[in-house]
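Presented below is the structure to which this report refers.
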Amino acid sequence: MPLDPGNVVQNQIYLSRGTPWPVGAADWEARAKEALEHAPFDYVAGGAGTEETMRANLEAFRRRNLRPRMLVGTAERDTSVEVLGLHSPVPFLLAPVGVLSIVHPDAELAVARASKATGVPFVVSSAASSSLEDVAAIEPPRWFQLYWWGDPELAESLVRRAEAAGYGAIVLTVDTLNLGWRPRDLGNGYLPFLDGEGLEQFFTDPVFVERLEKTPTEDRATASLMALAAFSNLGLTWDDLGRLREWTSLPVLLKGILRGDDATRAHELGIDGIVVSNHGGRQVDGSIAALDALVEVRDAVGPDAVVLMDSGVRTATDVLKAVALGANAVLLGRPYVYGLAVGGAEGVEAVIRQLAGELDLTMALAGVRSVAELDRSFVV
Ligand code: FNR
């Protein structure tokens with residue numbers, strides 16, 4: 001077992017008289033802020049519009065409380081989950097986050113190392129700073145997140161590459177067919193893609209490279225502009241999803257669903273899983289908190305559908321609340337990015353180990369022996 005039980009993690013820290021790492025999401029964020037330049041920090045920490053939805057995501061967790069159950073006998077616990085054939089030792093995965101090179105030079109490769117060391121799966125982004133093949137060479141490939149670029153041949157090529165590299169599912173992000181209106185980045189005049197960050201899937205793609213007069217190594221600026229021009233795809237509709245099925249036999253999840261009717265539609269179309277998410281409040285400001293949407297989506301698709309969620313998960317109790325309210329597992333976003341900023345692969349690993357430790361210990365203290373036991377009775 002790559003992850004220690006929560007009380008062991010806790011005792012290690014006490015016996016060592018502390019830890020060099022921050023403890024708790026707020027502390028990690030503060031240390032990341034110190035470590036990063038202003039604009040890259042804002043790119044990660046910021047959201048769309050007034051950032052109302054970003055705050056709502058956090059508040060939705062604070063509005064709900066756990067109802068611990070006593071004297072259950074929790075000496076043995078099972079924190080693991082299995083989702084569409086993907087095993088995780090804890091009910092969280094690492095969310096697809098692009099342009100990680102702006103917070104640490106090792107970017108996705110560092111996250112892949114932390115993922116391999118802990119067994120917690122990493123969903124690799126289409127907007128990564130490392131090619132999907134290079135990430136797959138470090139850890140067993142897990143899931144691949146797809147941005148369906150405006151250029152369909154390019155999207156197809158990406159999907160076929162992911163399947164060939166051994167990824168186990170395609171997570172199609174449907175809430176970002178164009179970047180949201182993000183005042184911090186607009187104010188800073190900062191868009192990392194313009195500097196060629198986060199475009200490695202493009203730069204290593206034969207279909208994309210064939211369209212260029214000069215390779216991305218020879219002329220990075222033009223290649224970056226071409227990639228940016230291919231990004232926006234606001235015309236994508238439900239009718240297009242059939243094409244994705246022609247490109248791959250892998251399971252497909254839709255990430256960014258916030259309504260029961262959309263979830264039902266996806267379910268009826270044979271989509272294998274839903275990720276309830278508002279992209280961490282980075283797309284539609286004023287939209288519903290993801291945790292509130294989770295309840296509606298789970299009710300709409302029933303108990304057997306695969307439903308994950310992200311946006312606002314900061315603590316172990318957040319994970320437990322989301323699972324109790326119907327998520328098969330959640331995705332951890334900004335917190336591990338702050339770990340990367342603070343300490344590279346080791347920082348990400350420390351974030352994961354702390355969260356897993358807190359989760360296991362809290363399950364023990366709340367009378368939960370396995371993830372499957374978590375139901376709505378645990379939340380009020
Ligand atoms: C993201 N997210 C994201 N999602 C995705 O599908 N593909 C991507 O490339 C990215 N890139 C990205 C960059 C940065 C800097 C952030 C913060 C987020 C969204 C991510 O997967 C997840 O939905 C959010 O991070 C969840 O919100 P919290 O919990 O991090 O606030």
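Chain lettering (A, B, ...) mirrors the order of the structure tokens, residue numbering begins at 1 for each chain separately, and ligand numbering begins at 1 in order of display.
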
### Task
Return as a PyMOL selection string every polymer residue, whether protein, DNA or RNA, with at least one atom no more than 7 Å from an atom of ligand 1; count only C-alpha atoms and all ligand atoms.
chain A and resi 43-45+54+95-99+125-128+145+173+255+277-281+310-314+332-335

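Residues in contact with Phe61 in chain A at up to 10 Å, not including ones fewer than 2 positions away on its chain and judged by only C-alpha atoms, are Ala56, Asn57, Leu58, Glu59, Arg63, Arg64, Asn65, Ala289, Ala290, Leu291, Asp292, Gly312, Val313, Arg314, Thr315, Thr317, Asp318, Val319, Lys321 and Ala322 of chain A.
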
Which residues, written as a CSV table (one decimal) with all heavy atoms, in the first residue's frame, have at least one atom at most 10 Å from Ser130 in chain A, with only C-alpha atoms counted and residues fewer than 4 positions away on the same chain left out?
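Printed below is result_9.csv as written:
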```
chain,number,residue,atom,x,y,z
A,98,GLY,N,-3.9,22.3,-17.0
A,98,GLY,CA,-3.0,22.6,-18.0
A,98,GLY,C,-1.9,23.6,-17.6
A,98,GLY,O,-1.8,24.0,-16.4
A,99,VAL,N,-1.0,23.8,-18.5
A,99,VAL,CA,0.1,24.8,-18.4
A,99,VAL,C,0.8,24.7,-17.0
A,99,VAL,O,1.2,25.8,-16.5
A,99,VAL,CB,-0.3,26.3,-18.6
A,99,VAL,CG1,-0.6,26.4,-20.1
A,99,VAL,CG2,-1.5,26.7,-17.9
A,100,LEU,N,1.1,23.6,-16.5
A,100,LEU,CA,1.8,23.4,-15.2
A,100,LEU,C,3.2,23.9,-15.2
A,100,LEU,O,3.8,24.2,-14.2
A,100,LEU,CB,1.7,22.0,-14.8
A,100,LEU,CG,0.3,21.5,-14.3
A,100,LEU,CD1,0.3,20.0,-14.0
A,100,LEU,CD2,-0.2,22.3,-13.1
A,101,SER,N,3.7,24.1,-16.4
A,101,SER,CA,5.1,24.6,-16.5
A,101,SER,C,5.2,26.1,-16.0
A,101,SER,O,6.3,26.5,-15.7
A,101,SER,CB,5.6,24.6,-18.0
A,101,SER,OG,4.7,25.3,-18.8
A,106,ASP,N,9.3,21.1,-14.0
A,106,ASP,CA,9.0,19.7,-14.2
A,106,ASP,C,7.5,19.4,-14.6
A,106,ASP,O,7.2,18.3,-15.0
A,106,ASP,CB,9.4,18.9,-13.0
A,106,ASP,CG,10.9,18.9,-12.7
A,106,ASP,OD1,11.6,19.4,-13.6
A,106,ASP,OD2,11.3,18.6,-11.6
A,107,ALA,N,6.7,20.4,-14.3
A,107,ALA,CA,5.3,20.4,-14.7
A,107,ALA,C,4.6,19.0,-14.6
A,107,ALA,O,4.7,18.4,-13.5
A,107,ALA,CB,5.2,20.9,-16.2
A,108,GLU,N,4.0,18.5,-15.6
A,108,GLU,CA,3.2,17.2,-15.6
A,108,GLU,C,4.1,16.1,-15.2
A,108,GLU,O,3.6,15.1,-14.6
A,108,GLU,CB,2.5,16.9,-16.9
A,108,GLU,CG,1.4,17.8,-17.3
A,108,GLU,CD,1.9,19.1,-17.8
A,108,GLU,OE1,3.1,19.2,-18.2
A,108,GLU,OE2,1.2,20.1,-17.8
A,109,LEU,N,5.3,16.1,-15.6
A,109,LEU,CA,6.2,15.0,-15.3
A,109,LEU,C,6.4,14.8,-13.8
A,109,LEU,O,6.4,13.7,-13.3
A,109,LEU,CB,7.6,15.1,-16.0
A,109,LEU,CG,7.5,15.3,-17.5
A,109,LEU,CD1,8.9,15.4,-18.1
A,109,LEU,CD2,6.7,14.1,-18.2
A,124,VAL,N,-4.5,13.5,-17.4
A,124,VAL,CA,-3.5,14.3,-18.1
A,124,VAL,C,-4.3,15.3,-19.0
A,124,VAL,O,-5.2,14.9,-19.7
A,124,VAL,CB,-2.5,13.5,-18.8
A,124,VAL,CG1,-1.6,14.3,-19.7
A,124,VAL,CG2,-1.7,12.6,-17.9
A,125,SER,N,-3.9,16.5,-19.0
A,125,SER,CA,-4.6,17.6,-19.7
A,125,SER,C,-4.1,17.7,-21.2
A,125,SER,O,-3.0,17.4,-21.5
A,125,SER,CB,-4.3,18.9,-19.0
A,125,SER,OG,-4.7,20.0,-19.9
A,126,SER,N,-5.1,18.1,-22.0
A,126,SER,CA,-4.8,18.4,-23.4
A,126,SER,C,-3.9,19.7,-23.5
A,126,SER,O,-3.3,19.9,-24.5
A,126,SER,CB,-6.1,18.8,-24.1
A,126,SER,OG,-6.7,17.7,-24.6
A,134,ASP,N,5.0,11.3,-23.2
A,134,ASP,CA,6.1,11.4,-22.1
A,134,ASP,C,5.5,11.2,-20.7
A,134,ASP,O,6.2,10.6,-19.9
A,134,ASP,CB,6.7,12.8,-22.2
A,134,ASP,CG,7.7,12.9,-23.4
A,134,ASP,OD1,7.9,11.9,-24.1
A,134,ASP,OD2,8.1,14.0,-23.7
A,135,VAL,N,4.3,11.7,-20.5
A,135,VAL,CA,3.7,11.5,-19.2
A,135,VAL,C,3.4,10.0,-19.0
A,135,VAL,O,3.7,9.4,-17.9
A,135,VAL,CB,2.4,12.3,-19.0
A,135,VAL,CG1,1.8,12.1,-17.6
A,135,VAL,CG2,2.7,13.8,-19.2
A,197,GLU,N,3.5,28.0,-23.7
A,197,GLU,CA,3.3,27.2,-22.5
A,197,GLU,C,2.0,26.4,-22.7
A,197,GLU,O,1.0,26.9,-23.2
A,197,GLU,CB,3.1,28.0,-21.2
A,197,GLU,CG,4.2,29.0,-21.0
A,197,GLU,CD,5.5,28.4,-20.3
A,197,GLU,OE1,5.5,27.1,-20.0
A,197,GLU,OE2,6.4,29.1,-20.1
A,198,GLY,N,2.0,25.1,-22.3
A,198,GLY,CA,0.8,24.3,-22.3
A,198,GLY,C,0.3,23.8,-23.7
A,198,GLY,O,-0.8,23.4,-23.9
A,199,LEU,N,1.3,23.9,-24.7
A,199,LEU,CA,0.9,23.5,-26.0
A,199,LEU,C,1.6,22.3,-26.5
A,199,LEU,O,1.7,22.0,-27.8
A,199,LEU,CB,1.1,24.7,-27.0
A,199,LEU,CG,0.3,26.0,-26.6
A,199,LEU,CD1,0.7,27.1,-27.5
A,199,LEU,CD2,-1.2,25.7,-26.8
A,200,GLU,N,2.2,21.5,-25.6
A,200,GLU,CA,3.0,20.4,-26.1
A,200,GLU,C,2.2,19.3,-26.8
A,200,GLU,O,2.8,18.7,-27.7
A,200,GLU,CB,3.7,19.8,-24.9
A,200,GLU,CG,5.1,19.3,-25.1
A,200,GLU,CD,6.0,20.2,-25.9
A,200,GLU,OE1,6.0,21.5,-25.7
A,200,GLU,OE2,6.8,19.7,-26.7
A,201,GLN,N,0.9,19.2,-26.5
A,201,GLN,CA,0.2,18.2,-27.3
A,201,GLN,C,0.1,18.6,-28.7
A,201,GLN,O,0.1,17.8,-29.7
A,201,GLN,CB,-1.3,17.9,-26.7
A,201,GLN,CG,-1.4,17.7,-25.2
A,201,GLN,CD,-0.5,16.6,-24.7
A,201,GLN,OE1,0.2,15.9,-25.4
A,201,GLN,NE2,-0.6,16.4,-23.4
A,203,PHE,N,2.4,20.7,-30.3
A,203,PHE,CA,3.7,20.7,-30.9
A,203,PHE,C,4.2,19.3,-31.2
A,203,PHE,O,5.2,19.2,-32.0
A,203,PHE,CB,4.7,21.4,-29.9
A,203,PHE,CG,4.4,22.9,-29.7
A,203,PHE,CD1,5.1,23.6,-28.8
A,203,PHE,CD2,3.4,23.5,-30.5
A,203,PHE,CE1,4.8,25.0,-28.6
A,203,PHE,CE2,3.2,24.9,-30.4
A,203,PHE,CZ,3.8,25.6,-29.4
A,204,THR,N,3.7,18.3,-30.5
A,204,THR,CA,4.1,16.9,-30.8
A,204,THR,C,3.1,16.2,-31.7
A,204,THR,O,3.2,15.0,-31.9
A,204,THR,CB,4.3,16.1,-29.5
A,204,THR,OG1,3.1,16.2,-28.7
A,204,THR,CG2,5.4,16.7,-28.7
```

### Message
Excluding Ser157 in chain A and its own-chain neighbours fewer than 6 positions away, which residues fall within 9 Å of it when counting only C-alpha atoms? Please give them as an MDAnalysis selection string.
### Response
chainID A and resid 205:207 247

### Message
Excluding Thr222 in chain A and its own-chain neighbours fewer than 5 positions away, which residues fall within 10 Å of it when counting only C-alpha atoms? Please give them as an NGL selection string.
### Response
:A and (194 or 196 or 212-216 or 227-228)

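Nearest residue to Tyr336 in chain A, choosing from A:Arg142, A:Arg69, A:His38, A:His104 and counting only C-alpha atoms: A:His104.
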
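Residue nearest Arg160 in chain A, chosen from A:Val83, A:Leu71, A:Leu244, A:Ala25 and counting only C-alpha atoms: A:Leu244.
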
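Omitting Thr118 in chain A and its sequence neighbours fewer than 4 positions away, and counting only C-alpha atoms, the residues within 12 Å are Met1, Pro2, Leu3, Asp4, His87, Ser88, Pro89, Val90, Phe92, Leu93, Leu94, Val111, Ala112, Arg113, Ala114, Phe122, Glu139, Ala345, Glu346, Val348, Glu349, Ala350, Val351, Ile352, Arg353, Gln354, Leu355, Ala356 and Gly357 of chain A.
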
Go ahead and save the residues from that selection, with N, CA, C and O atoms, as a compact mmCIF listing (two decimals), in the first residue's frame.
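To be explicit, this is the file written out as result.txt:
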```txt
# COMPACT_ATOMS: atom_id res chain seq x y z
N MET A 1 0.87 -1.21 0.00
CA MET A 1 0.00 0.00 0.00
C MET A 1 0.89 1.24 0.00
O MET A 1 1.64 1.47 0.95
N PRO A 2 0.82 2.04 -1.05
CA PRO A 2 1.72 3.20 -1.14
C PRO A 2 1.37 4.31 -0.16
O PRO A 2 2.19 5.17 0.11
N LEU A 3 0.16 4.31 0.38
CA LEU A 3 -0.24 5.38 1.30
C LEU A 3 -0.41 4.82 2.71
O LEU A 3 -1.02 3.78 2.90
N ASP A 4 0.12 5.53 3.71
CA ASP A 4 0.02 5.07 5.10
C ASP A 4 -1.33 5.44 5.69
O ASP A 4 -1.94 6.43 5.28
N HIS A 87 -8.36 2.18 -10.65
CA HIS A 87 -8.28 2.02 -9.20
C HIS A 87 -7.59 3.23 -8.58
O HIS A 87 -6.59 3.72 -9.11
N SER A 88 -8.11 3.69 -7.45
CA SER A 88 -7.39 4.71 -6.68
C SER A 88 -7.44 4.30 -5.22
O SER A 88 -8.48 3.87 -4.72
N PRO A 89 -6.33 4.46 -4.50
CA PRO A 89 -6.32 4.10 -3.08
C PRO A 89 -7.17 5.03 -2.22
O PRO A 89 -7.42 4.75 -1.05
N VAL A 90 -7.59 6.15 -2.80
CA VAL A 90 -8.42 7.13 -2.10
C VAL A 90 -9.51 7.62 -3.06
O VAL A 90 -9.32 7.54 -4.28
N PHE A 92 -10.17 10.21 -4.43
CA PHE A 92 -9.89 11.39 -5.25
C PHE A 92 -8.82 11.07 -6.28
O PHE A 92 -7.99 10.18 -6.09
N LEU A 93 -8.89 11.79 -7.39
CA LEU A 93 -7.91 11.70 -8.47
C LEU A 93 -7.33 13.10 -8.65
O LEU A 93 -7.86 14.07 -8.12
N LEU A 94 -6.27 13.20 -9.42
CA LEU A 94 -5.69 14.52 -9.69
C LEU A 94 -6.33 15.05 -10.97
O LEU A 94 -6.27 14.42 -12.03
N VAL A 111 4.08 15.74 -11.58
CA VAL A 111 2.79 15.24 -11.08
C VAL A 111 2.68 13.74 -11.35
O VAL A 111 2.22 12.97 -10.51
N ALA A 112 3.16 13.33 -12.52
CA ALA A 112 3.12 11.90 -12.85
C ALA A 112 3.97 11.09 -11.86
O ALA A 112 3.59 10.00 -11.44
N ARG A 113 5.10 11.66 -11.45
CA ARG A 113 5.96 10.95 -10.48
C ARG A 113 5.25 10.83 -9.13
O ARG A 113 5.28 9.78 -8.49
N ALA A 114 4.59 11.90 -8.71
CA ALA A 114 3.85 11.85 -7.44
C ALA A 114 2.69 10.87 -7.54
O ALA A 114 2.38 10.15 -6.59
N PHE A 122 -3.75 10.34 -12.13
CA PHE A 122 -3.61 11.70 -12.65
C PHE A 122 -4.29 11.74 -14.02
O PHE A 122 -3.97 10.94 -14.89
N GLU A 139 4.36 7.14 -15.53
CA GLU A 139 3.42 6.35 -14.74
C GLU A 139 2.55 5.57 -15.72
O GLU A 139 2.44 5.96 -16.87
N ALA A 345 7.68 17.52 -7.58
CA ALA A 345 7.04 16.21 -7.39
C ALA A 345 6.86 15.91 -5.91
O ALA A 345 5.82 15.40 -5.48
N GLU A 346 7.86 16.27 -5.10
CA GLU A 346 7.75 15.98 -3.67
C GLU A 346 6.63 16.79 -3.02
O GLU A 346 5.97 16.33 -2.09
N VAL A 348 3.85 17.77 -4.54
CA VAL A 348 2.58 17.15 -4.92
C VAL A 348 2.35 15.91 -4.07
O VAL A 348 1.25 15.67 -3.55
N GLU A 349 3.42 15.15 -3.89
CA GLU A 349 3.29 13.92 -3.09
C GLU A 349 2.89 14.26 -1.65
O GLU A 349 2.05 13.59 -1.05
N ALA A 350 3.48 15.32 -1.12
CA ALA A 350 3.15 15.71 0.27
C ALA A 350 1.68 16.12 0.37
O ALA A 350 0.99 15.75 1.34
N VAL A 351 1.19 16.86 -0.62
CA VAL A 351 -0.24 17.25 -0.60
C VAL A 351 -1.11 15.99 -0.61
O VAL A 351 -2.07 15.87 0.18
N ILE A 352 -0.78 15.05 -1.48
CA ILE A 352 -1.58 13.83 -1.58
C ILE A 352 -1.53 13.04 -0.26
O ILE A 352 -2.56 12.60 0.24
N ARG A 353 -0.33 12.89 0.29
CA ARG A 353 -0.19 12.08 1.51
C ARG A 353 -0.93 12.73 2.69
O ARG A 353 -1.55 12.05 3.50
N GLN A 354 -0.84 14.04 2.77
CA GLN A 354 -1.58 14.72 3.85
C GLN A 354 -3.09 14.55 3.69
O GLN A 354 -3.80 14.22 4.64
N LEU A 355 -3.56 14.76 2.45
CA LEU A 355 -5.01 14.67 2.23
C LEU A 355 -5.51 13.23 2.46
O LEU A 355 -6.55 13.02 3.08
N ALA A 356 -4.71 12.27 1.98
CA ALA A 356 -5.10 10.86 2.16
C ALA A 356 -5.08 10.49 3.64
O ALA A 356 -5.96 9.78 4.13
N GLY A 357 -4.08 11.01 4.37
CA GLY A 357 -3.99 10.73 5.80
C GLY A 357 -5.17 11.31 6.55
O GLY A 357 -5.82 10.64 7.37
```

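Here CA of Trp148 in chain A and CA of Ser287 in chain A stand 22.6 Å from one another.
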
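Counting only C-alpha atoms and comparing A:Leu269, A:Ala229, A:Val103, A:Ala39, the residue that lies closest to Arg245 in chain A is A:Leu269.
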
### Query
Which value, in Å to one decimal, gives the distance between CA of Thr248 in chain A and CA of Pro121 in chain A?
21.0 Å
